[in-house]
$ cat upload37.cif   # mmCIF, C-alpha atoms and all ligand atoms
data_structure
#
loop_
_atom_site.label_atom_id
_atom_site.label_comp_id
_atom_site.auth_asym_id
_atom_site.auth_seq_id
_atom_site.Cartn_x
_atom_site.Cartn_y
_atom_site.Cartn_z
CA MET L 1 83.71 129.56 12.02
CA ILE L 2 80.93 132.01 12.81
CA ARG L 3 78.41 131.83 10.07
CA ARG L 4 76.11 134.49 8.80
CA LYS L 5 72.77 134.49 10.52
CA PRO L 6 70.19 133.53 7.91
CA LYS L 7 67.08 135.65 7.91
CA GLY L 8 64.50 134.51 10.39
CA ILE L 9 66.74 132.23 12.39
CA SER L 10 66.50 132.93 16.07
CA SER L 11 69.63 133.50 18.04
CA SER L 12 67.63 133.16 21.22
CA PRO L 13 68.63 130.04 23.12
CA SER L 14 65.37 129.88 24.92
CA ASN L 15 63.11 127.88 22.71
CA ILE L 16 62.94 124.48 24.29
CA TRP L 17 61.71 125.40 27.74
CA SER L 18 58.50 127.17 27.70
CA ASN L 19 54.88 127.01 27.05
CA GLY L 20 53.73 130.24 25.79
CA PRO L 21 52.67 131.32 22.45
CA ALA L 22 53.66 132.57 24.89
CA GLY L 23 56.46 130.62 25.91
CA THR L 24 58.34 130.61 25.26
CA PRO L 25 61.00 132.68 27.70
CA GLY L 26 61.30 134.56 25.32
CA ARG L 27 60.25 131.68 23.34
CA ARG L 28 57.35 133.26 21.57
CA ARG L 29 55.16 136.25 21.84
CA ARG L 30 52.63 136.04 24.59
CA LEU L 31 49.16 136.83 23.37
CA PRO L 32 48.08 140.18 24.78
CA VAL L 33 46.17 139.48 27.96
CA THR L 34 43.59 142.05 26.97
CA PHE L 35 42.46 139.74 24.16
CA THR L 36 39.24 137.88 24.82
CA PHE L 37 39.48 134.11 24.78
CA ASP L 38 37.76 134.10 21.37
CA GLU L 39 40.34 136.56 20.04
CA GLN L 40 43.17 134.46 21.46
CA ILE L 41 41.72 131.34 19.85
CA ALA L 42 41.36 133.09 16.49
CA ALA L 43 44.96 134.35 16.69
CA LEU L 44 46.26 130.86 17.48
CA GLU L 45 44.22 129.31 14.68
CA ALA L 46 45.64 131.87 12.25
CA GLU L 47 49.13 131.04 13.51
CA ARG L 48 48.51 127.35 12.92
CA GLU L 49 47.38 128.13 9.37
CA ARG L 50 50.60 130.06 8.75
CA LEU L 51 52.63 127.21 10.18
CA LEU L 52 50.99 124.64 7.92
CA ARG L 53 51.57 126.87 4.87
CA PHE L 54 55.27 127.50 5.54
CA PRO L 55 57.16 126.18 2.47
CA GLU L 56 58.68 122.76 3.10
CA ASP L 57 61.58 123.36 0.71
CA GLU L 58 62.50 126.63 2.43
CA PHE L 59 62.63 124.97 5.84
CA THR L 60 64.68 122.00 4.64
CA ALA L 61 67.09 124.37 2.84
CA ILE L 62 67.66 126.33 6.06
CA ILE L 63 68.28 123.13 8.01
CA ARG L 64 70.79 122.04 5.36
CA GLU L 65 72.46 125.47 5.24
CA VAL L 66 72.89 125.72 9.02
CA GLY L 67 74.27 122.18 9.23
CA PHE L 68 73.78 122.01 13.00
CA SER L 69 75.19 119.15 15.00
CA CYS L 70 74.88 118.67 18.75
CA ASP L 71 78.09 118.43 20.77
CA CYS L 72 76.27 117.01 23.79
CA CYS L 73 77.16 119.87 26.11
CA GLY L 74 73.86 119.43 27.97
CA ARG L 75 73.25 123.16 28.34
CA CYS L 76 69.81 123.11 26.71
CA CYS L 77 68.67 120.87 29.57
CA THR L 78 69.27 123.61 32.13
CA ARG L 79 67.19 126.53 33.31
CA GLU L 80 70.21 128.77 32.87
CA PHE L 81 70.27 128.24 29.10
CA ASN L 82 66.56 127.96 28.62
CA ASP L 83 63.79 128.20 31.15
CA HIS L 84 61.53 125.21 31.45
CA VAL L 85 60.64 122.18 29.35
CA PHE L 86 57.00 122.38 28.35
CA LEU L 87 55.33 119.01 27.81
CA LEU L 88 52.68 118.10 25.29
CA GLU L 89 49.86 116.07 26.83
CA GLU L 90 51.21 112.78 25.47
CA ASP L 91 54.58 113.57 27.02
CA THR L 92 52.95 114.28 30.37
CA ASP L 93 51.19 110.90 30.16
CA SER L 94 54.51 109.28 29.32
CA VAL L 95 56.52 110.79 32.16
CA ARG L 96 53.74 110.11 34.66
CA SER L 97 53.96 106.42 33.76
CA PHE L 98 57.52 106.13 35.04
CA ALA L 99 58.27 109.29 37.08
CA PRO L 100 55.02 110.92 38.26
CA ASP L 101 56.82 113.44 40.49
CA ALA L 102 58.84 114.77 37.57
CA VAL L 103 56.10 117.11 36.31
CA VAL L 104 55.05 120.50 37.66
CA PRO L 105 52.52 123.03 36.35
CA ALA L 106 54.22 125.02 33.59
CA PRO L 107 55.38 128.26 35.22
CA ALA L 108 54.15 130.80 32.65
CA PHE L 109 50.58 130.99 33.95
CA ASP L 110 48.17 132.06 31.22
CA ALA L 111 45.16 133.40 33.11
CA CYS L 112 43.67 134.03 36.53
CA ASP L 113 40.04 134.23 37.68
CA GLN L 114 38.46 136.53 40.25
CA GLU L 115 38.80 133.74 42.84
CA LYS L 116 42.61 134.07 42.50
CA ARG L 117 43.13 130.75 40.73
CA PHE L 118 45.70 130.57 37.94
CA TYR L 119 45.28 128.55 34.76
CA VAL L 120 48.00 127.16 32.52
CA SER L 121 47.95 125.11 29.32
CA GLY L 122 50.06 122.16 30.48
CA TYR L 123 52.89 120.73 32.55
CA ALA L 124 56.65 121.19 32.54
CA LEU L 125 59.54 119.06 33.73
CA ARG L 126 60.73 119.58 37.27
CA THR L 127 64.29 120.82 37.66
CA LYS L 128 66.93 119.97 40.25
CA PRO L 129 68.17 122.62 42.70
CA ASP L 130 71.03 123.47 40.33
CA GLY L 131 68.52 124.28 37.60
CA SER L 132 69.16 121.25 35.43
CA CYS L 133 66.42 118.94 34.21
CA ILE L 134 65.52 116.24 36.67
CA PHE L 135 66.57 113.65 34.07
CA LEU L 136 69.96 115.16 33.26
CA GLU L 137 72.80 112.96 34.52
CA ASP L 138 76.41 113.99 34.00
CA ARG L 139 75.39 116.22 31.05
CA ARG L 140 73.53 113.34 29.41
CA CYS L 141 69.83 112.61 29.23
CA GLY L 142 69.08 109.72 31.56
CA ILE L 143 65.94 108.80 29.61
CA TYR L 144 67.25 109.45 26.11
CA ASP L 145 65.14 106.78 24.39
CA ARG L 146 62.02 108.14 26.12
CA ARG L 147 62.81 111.86 25.90
CA PHE L 148 59.99 114.20 25.00
CA ALA L 149 58.79 115.84 21.79
CA ILE L 150 60.53 119.16 22.37
CA CYS L 151 63.73 117.38 23.45
CA ARG L 152 63.68 115.49 20.15
CA VAL L 153 63.30 118.49 17.86
CA TYR L 154 65.44 121.05 19.71
CA PRO L 155 67.13 123.28 18.55
CA TYR L 156 64.89 123.22 15.49
CA MET L 157 61.74 125.29 15.68
CA LEU L 158 59.23 126.72 13.24
CA HIS L 159 57.35 129.55 14.75
CA ARG L 160 57.23 133.31 14.64
CA GLU L 161 58.51 135.44 17.46
CA ALA L 162 59.80 138.94 18.01
CA ASP L 163 63.52 139.64 17.85
CA GLU L 164 65.29 142.15 20.07
CA THR L 165 63.87 145.00 17.96
CA GLY L 166 60.33 143.70 18.27
CA ALA L 167 60.15 142.54 14.64
CA VAL L 168 58.10 139.36 14.36
CA ASP L 169 59.37 136.81 11.87
CA TRP L 170 59.79 133.07 11.44
CA ARG L 171 62.42 131.41 13.62
CA GLN L 172 63.88 128.09 12.59
CA ILE L 173 66.90 127.41 14.81
CA GLY L 174 67.18 128.23 18.51
CA GLY L 175 70.38 129.65 20.00
CA LEU L 176 72.23 129.96 16.71
CA ASN L 177 76.00 130.11 17.27
CA GLU L 178 75.54 129.81 21.03
CA HIS L 179 75.77 126.03 21.19
CA GLY L 180 76.68 123.05 19.06
CA CYS L 181 78.60 122.88 15.78
CA TYR L 182 77.68 124.25 12.36
CA ASN L 183 78.26 123.72 8.65
CA ASN L 184 78.11 119.96 8.90
CA PRO L 185 76.68 118.01 5.96
CA ILE L 186 73.11 116.78 6.53
CA ASP L 187 71.61 114.63 3.79
CA ASP L 188 68.31 115.52 2.17
CA ALA L 189 66.34 112.72 3.81
CA GLU L 190 67.50 113.79 7.27
CA CYS L 191 66.71 117.46 6.56
CA ALA L 192 63.21 116.43 5.46
CA ARG L 193 62.73 114.32 8.58
CA ILE L 194 63.79 117.16 10.87
CA ALA L 195 61.49 119.59 9.04
CA ARG L 196 58.56 117.19 9.26
CA GLU L 197 59.00 116.42 12.96
CA THR L 198 59.56 120.06 13.89
CA ARG L 199 56.45 121.24 12.10
CA ALA L 200 54.46 118.40 13.70
CA TYR L 201 55.69 119.47 17.14
CA GLU L 202 54.76 123.11 16.53
CA ALA L 203 51.31 122.12 15.26
CA ALA L 204 50.73 119.92 18.32
CA PHE L 205 51.84 122.78 20.55
CA LEU L 206 49.37 125.16 18.93
CA ASP L 207 46.59 122.55 19.02
CA GLN L 208 47.08 122.18 22.76
CA ALA L 209 47.07 125.96 23.23
CA ILE L 210 43.84 126.25 21.22
CA ARG L 211 42.09 123.42 23.09
CA PHE L 212 43.19 124.97 26.39
CA ARG L 213 41.67 128.34 25.55
CA ARG L 214 38.45 126.82 24.27
CA ALA L 215 38.09 124.86 27.50
CA LEU L 216 38.93 127.96 29.53
CA ARG L 217 36.34 130.03 27.66
CA ASP L 218 33.69 127.37 28.24
CA LEU L 219 34.60 127.00 31.94
CA PHE L 220 34.53 130.74 32.54
CA ASP L 221 31.18 131.06 30.74
CA ARG L 222 29.65 128.15 32.63
CA ASP L 223 30.88 129.12 36.11
CA GLY L 224 30.55 132.88 35.79
CA LEU L 225 34.32 133.42 36.11
CA ARG L 226 36.09 136.55 34.96
CA TYR L 227 39.65 137.22 33.94
CA VAL L 228 40.85 140.33 35.76
CA ARG L 229 44.27 141.56 34.78
CA ARG L 230 44.78 143.41 38.06
CA THR L 231 44.07 140.23 40.04
CA TYR L 232 46.56 138.36 37.86
CA ASP L 233 49.25 140.99 38.48
CA LEU L 234 48.65 141.10 42.24
CA MET L 235 48.66 137.32 42.51
CA MET L 236 51.87 137.08 40.49
CA ARG L 237 53.49 139.62 42.78
CA ASP L 238 52.52 137.55 45.84
CA PHE L 239 53.60 134.34 44.11
CA ARG L 240 57.04 135.76 43.36
CA LYS L 241 57.35 136.75 47.02
CA GLY L 242 56.75 133.13 48.04
CA ALA L 243 52.98 132.85 48.49
CA GLU L 244 51.37 129.51 47.68
CA VAL L 245 48.86 129.76 44.82
CA GLU L 246 46.34 127.45 43.19
CA VAL L 247 47.06 126.55 39.57
CA ARG L 248 44.64 124.63 37.39
CA VAL L 249 46.50 122.74 34.70
CA PHE L 250 44.83 121.82 31.42
CA HIS L 251 45.20 118.15 30.60
CA HIS L 252 43.06 116.17 28.16
CA GLY L 253 40.12 118.53 28.42
CA ARG L 254 40.11 118.86 32.21
CA PHE L 255 41.68 121.27 34.67
CA GLU L 256 43.79 119.53 37.31
CA PRO L 257 44.21 121.57 40.53
CA HIS L 258 47.62 122.05 42.15
CA ARG L 259 49.03 124.27 44.86
CA VAL L 260 52.53 125.59 44.18
CA THR L 261 55.06 128.12 45.39
CA CYS L 262 57.85 129.69 43.36
CA GLY L 263 60.20 127.34 45.20
CA VAL L 264 58.93 124.59 42.92
CA TYR L 265 60.59 126.51 40.07
CA GLY L 266 63.82 127.18 41.95
CA GLN L 267 63.04 130.88 42.37
S1 LIG P 301 64.30 114.90 29.32
FE1 LIG P 301 66.44 114.60 28.70
S2 LIG P 301 66.69 115.76 26.77
FE2 LIG P 301 64.81 116.48 27.76
S3 LIG P 301 65.44 118.28 28.96
FE3 LIG P 301 65.53 116.49 30.33
S4 LIG P 301 67.65 115.73 30.23
FE4 LIG P 301 67.30 117.13 28.47
S1 LIG P 302 74.85 121.43 21.61
FE1 LIG P 302 72.87 122.44 21.84
S2 LIG P 302 71.36 120.82 21.52
FE2 LIG P 302 73.31 119.82 21.97
S3 LIG P 302 73.31 119.49 24.20
FE3 LIG P 302 74.37 121.45 23.82
S4 LIG P 302 72.75 123.03 24.01
FE4 LIG P 302 71.71 121.03 23.75
#

$ encode --input "upload37.cif" --output "structure tokens"
Amino acid sequence: MIRRKPKGISSSPSNIWSNGPAGTPGRRRRLPVTFTFDEQIAALEAERERLLRFPEDEFTAIIREVGFSCDCCGRCCTREFNDHVFLLEEDTDSVRSFAPDAVVPAPAFDACDQEKRFYVSGYALRTKPDGSCIFLEDRRCGIYDRRFAICRVYPYMLHREADETGAVDWRQIGGLNEHGCYNNPIDDAECARIARETRAYEAAFLDQAIRFRRALRDLFDRDGLRYVRRTYDLMMRDFRKGAEVEVRVFHHGRFEPHRVTCGVYGQ
């Protein structure tokens, strides 16, 4: 049965894999690159305030109403269905402890300096040549007990993003009616747990984005760096054509340098 789409529930399947407030292929709005770092930080802080104020009972009611259950198709673990799996810092630490080669700089680069170095707010999971997550085995997660924060909450989300008309509103479920089963009973305690964990994930995501931009602002101020949109666009053009670029990845307050080509992302 196709159910009515409740207001504010995203039908976009692309929530899980992405890093942008931004991210979010299509996951969320990217902050306009013309914003200063201070303006970006203020916008993200305001977004975090909105997130923390979102009514708990409204979120749990939506979760109950949708009644989602996973049918283990494995599609959300592929680039085809989503884009990339963005990792919170704790998840990056975790995966590095048992599979250090499984992380790559998240592909949605956030900024570029005049020395042609990109900056991004964190890491993503590497994919296999067929576009599936490096941990996906026969449509099942090969590290299920150790899977990452976004893998645990998906397809639940609690953030605002634009729909196909450009209208920005809260989104609570990713890929509605495009995967899984609906109208299943979920008891109140489970709805509350999902709501709590999803909001915690979104808050952690915004915290990381805010800390990244604060560190970037301080680095640019200290080293006399400038963000030049034209340089960013030219470098992205070269990157998409196969050029190797330097990407500095934010991790626990530092920027870790990497050199990547688009081949790393299967492009
Ligand atoms: S870690 Fe597991 S759940 Fe997460 S995207 Fe990869 S295969 Fe899917
Ligand atoms: S039903 Fe949805 S959440 Fe479950 S494996 Fe498929 S795409 Fe992922």

$ closest_residue --input "upload37.cif" --among "L:Leu87, L:Leu158, L:Met236, L:Val264" --to "Arg50 (chain L)" --atoms "all atoms listed in the file"
L:Leu158

$ closest_residue --input "upload37.cif" --among "L:Glu56, L:Glu244, L:Glu178, L:Glu47" --to "ligand LIG 302 (chain P)" --atoms "all atoms listed in the file"
L:Glu178

$ axis_aligned_box --input "upload37.cif" --around "ligand LIG 302 (chain P)" --padding-each-side "5 Å" --output "JSON"
{"center_x": 73.1, "center_y": 121.3, "center_z": 22.9, "size_x": 13.5, "size_y": 13.5, "size_z": 12.7}

$ residues_near_ligand --input "upload37.cif" --ligand "ligand LIG 302 (chain P)" --cutoff "8 Å" --atoms "only C-alpha atoms and all ligand atoms" --output "NGL selection string"
:L and (69-77 or 81 or 139 or 154-155 or 175 or 178-181)

$ write_last_selection --input "upload37.cif" --atoms "C-alpha atoms" --output "CSV table (one decimal), in the coordinates of the input"
chain,number,residue,atom,x,y,z
L,69,SER,CA,75.2,119.2,15.0
L,70,CYS,CA,74.9,118.7,18.8
L,71,ASP,CA,78.1,118.4,20.8
L,72,CYS,CA,76.3,117.0,23.8
L,73,CYS,CA,77.2,119.9,26.1
L,74,GLY,CA,73.9,119.4,28.0
L,75,ARG,CA,73.2,123.2,28.3
L,76,CYS,CA,69.8,123.1,26.7
L,77,CYS,CA,68.7,120.9,29.6
L,81,PHE,CA,70.3,128.2,29.1
L,139,ARG,CA,75.4,116.2,31.0
L,154,TYR,CA,65.4,121.0,19.7
L,155,PRO,CA,67.1,123.3,18.6
L,175,GLY,CA,70.4,129.6,20.0
L,178,GLU,CA,75.5,129.8,21.0
L,179,HIS,CA,75.8,126.0,21.2
L,180,GLY,CA,76.7,123.0,19.1
L,181,CYS,CA,78.6,122.9,15.8

$ atom_distance --input "upload37.cif" --atom1 "CA of Val66 (chain L)" --atom2 "CA of Cys141 (chain L)"
24.3 Å

$ closest_residue --input "upload37.cif" --among "L:Arg259, L:Arg64, L:Arg126, L:Arg147" --to "ligand LIG 301 (chain P)" --atoms "only C-alpha atoms and all ligand atoms"
L:Arg147

$ closest_residue --input "upload37.cif" --among "L:Tyr123, L:Phe250, L:Phe54, L:Tyr201" --to "Val153 (chain L)" --atoms "only C-alpha atoms"
L:Tyr201

$ residues_near_ligand --input "upload37.cif" --ligand "ligand LIG 301 (chain P)" --cutoff "10 Å" --atoms "only C-alpha atoms and all ligand atoms" --output "PyMOL selection string"
chain L and resi 16-17+74-79+82+84-87+95+102+124-127+132-154

$ closest_residue --input "upload37.cif" --among "L:Met157, L:Glu80, L:Asp101, L:Tyr119" --to "Arg217 (chain L)" --atoms "only C-alpha atoms"
L:Tyr119

$ build_atoms --input "upload37.cif" --residues "region 199-227 of chain L" --atoms "N, CA and C atoms" --output "compact mmCIF listing (two decimals), in the frame of the given file"
# COMPACT_ATOMS: atom_id res chain seq x y z
N ARG L 199 57.75 120.65 12.39
CA ARG L 199 56.45 121.24 12.10
C ARG L 199 55.35 120.49 12.87
N ALA L 200 55.47 119.17 12.97
CA ALA L 200 54.46 118.40 13.70
C ALA L 200 54.44 118.81 15.17
N TYR L 201 55.64 119.03 15.75
CA TYR L 201 55.69 119.47 17.14
C TYR L 201 55.00 120.83 17.29
N GLU L 202 55.34 121.76 16.41
CA GLU L 202 54.76 123.11 16.53
C GLU L 202 53.24 123.07 16.36
N ALA L 203 52.76 122.23 15.45
CA ALA L 203 51.31 122.12 15.26
C ALA L 203 50.65 121.53 16.50
N ALA L 204 51.29 120.53 17.10
CA ALA L 204 50.73 119.92 18.32
C ALA L 204 50.72 120.94 19.46
N PHE L 205 51.78 121.74 19.53
CA PHE L 205 51.84 122.78 20.55
C PHE L 205 50.69 123.77 20.39
N LEU L 206 50.46 124.22 19.16
CA LEU L 206 49.37 125.16 18.93
C LEU L 206 48.01 124.51 19.17
N ASP L 207 47.86 123.26 18.78
CA ASP L 207 46.59 122.55 19.02
C ASP L 207 46.27 122.53 20.52
N GLN L 208 47.30 122.23 21.32
CA GLN L 208 47.08 122.18 22.76
C GLN L 208 46.71 123.56 23.30
N ALA L 209 47.37 124.60 22.79
CA ALA L 209 47.07 125.96 23.23
C ALA L 209 45.64 126.36 22.84
N ILE L 210 45.20 125.93 21.68
CA ILE L 210 43.84 126.25 21.22
C ILE L 210 42.81 125.50 22.07
N ARG L 211 43.05 124.21 22.29
CA ARG L 211 42.09 123.42 23.09
C ARG L 211 42.01 123.97 24.52
N PHE L 212 43.16 124.38 25.05
CA PHE L 212 43.19 124.97 26.39
C PHE L 212 42.29 126.21 26.46
N ARG L 213 42.46 127.09 25.50
CA ARG L 213 41.67 128.34 25.55
C ARG L 213 40.19 128.10 25.29
N ARG L 214 39.87 127.14 24.45
CA ARG L 214 38.45 126.82 24.27
C ARG L 214 37.86 126.30 25.57
N ALA L 215 38.59 125.41 26.24
CA ALA L 215 38.09 124.86 27.50
C ALA L 215 37.98 125.95 28.56
N LEU L 216 38.95 126.86 28.57
CA LEU L 216 38.93 127.96 29.53
C LEU L 216 37.73 128.87 29.28
N ARG L 217 37.50 129.19 28.02
CA ARG L 217 36.34 130.03 27.66
C ARG L 217 35.04 129.36 28.13
N ASP L 218 34.93 128.07 27.87
CA ASP L 218 33.69 127.37 28.24
C ASP L 218 33.53 127.31 29.76
N LEU L 219 34.65 127.06 30.47
CA LEU L 219 34.60 127.00 31.94
C LEU L 219 34.20 128.36 32.52
N PHE L 220 34.84 129.41 32.02
CA PHE L 220 34.53 130.74 32.54
C PHE L 220 33.07 131.11 32.26
N ASP L 221 32.58 130.77 31.07
CA ASP L 221 31.18 131.06 30.74
C ASP L 221 30.25 130.29 31.67
N ARG L 222 30.55 129.02 31.86
CA ARG L 222 29.65 128.15 32.63
C ARG L 222 29.61 128.53 34.11
N ASP L 223 30.79 128.87 34.66
CA ASP L 223 30.88 129.12 36.11
C ASP L 223 30.87 130.60 36.47
N GLY L 224 30.61 131.45 35.50
CA GLY L 224 30.55 132.88 35.79
C GLY L 224 31.88 133.45 36.25
N LEU L 225 32.99 132.93 35.73
CA LEU L 225 34.32 133.42 36.11
C LEU L 225 34.72 134.57 35.20
N ARG L 226 35.60 135.40 35.72
CA ARG L 226 36.09 136.55 34.96
C ARG L 226 37.61 136.60 35.04
N TYR L 227 38.20 137.01 33.92
CA TYR L 227 39.65 137.22 33.94
C TYR L 227 39.88 138.70 34.24
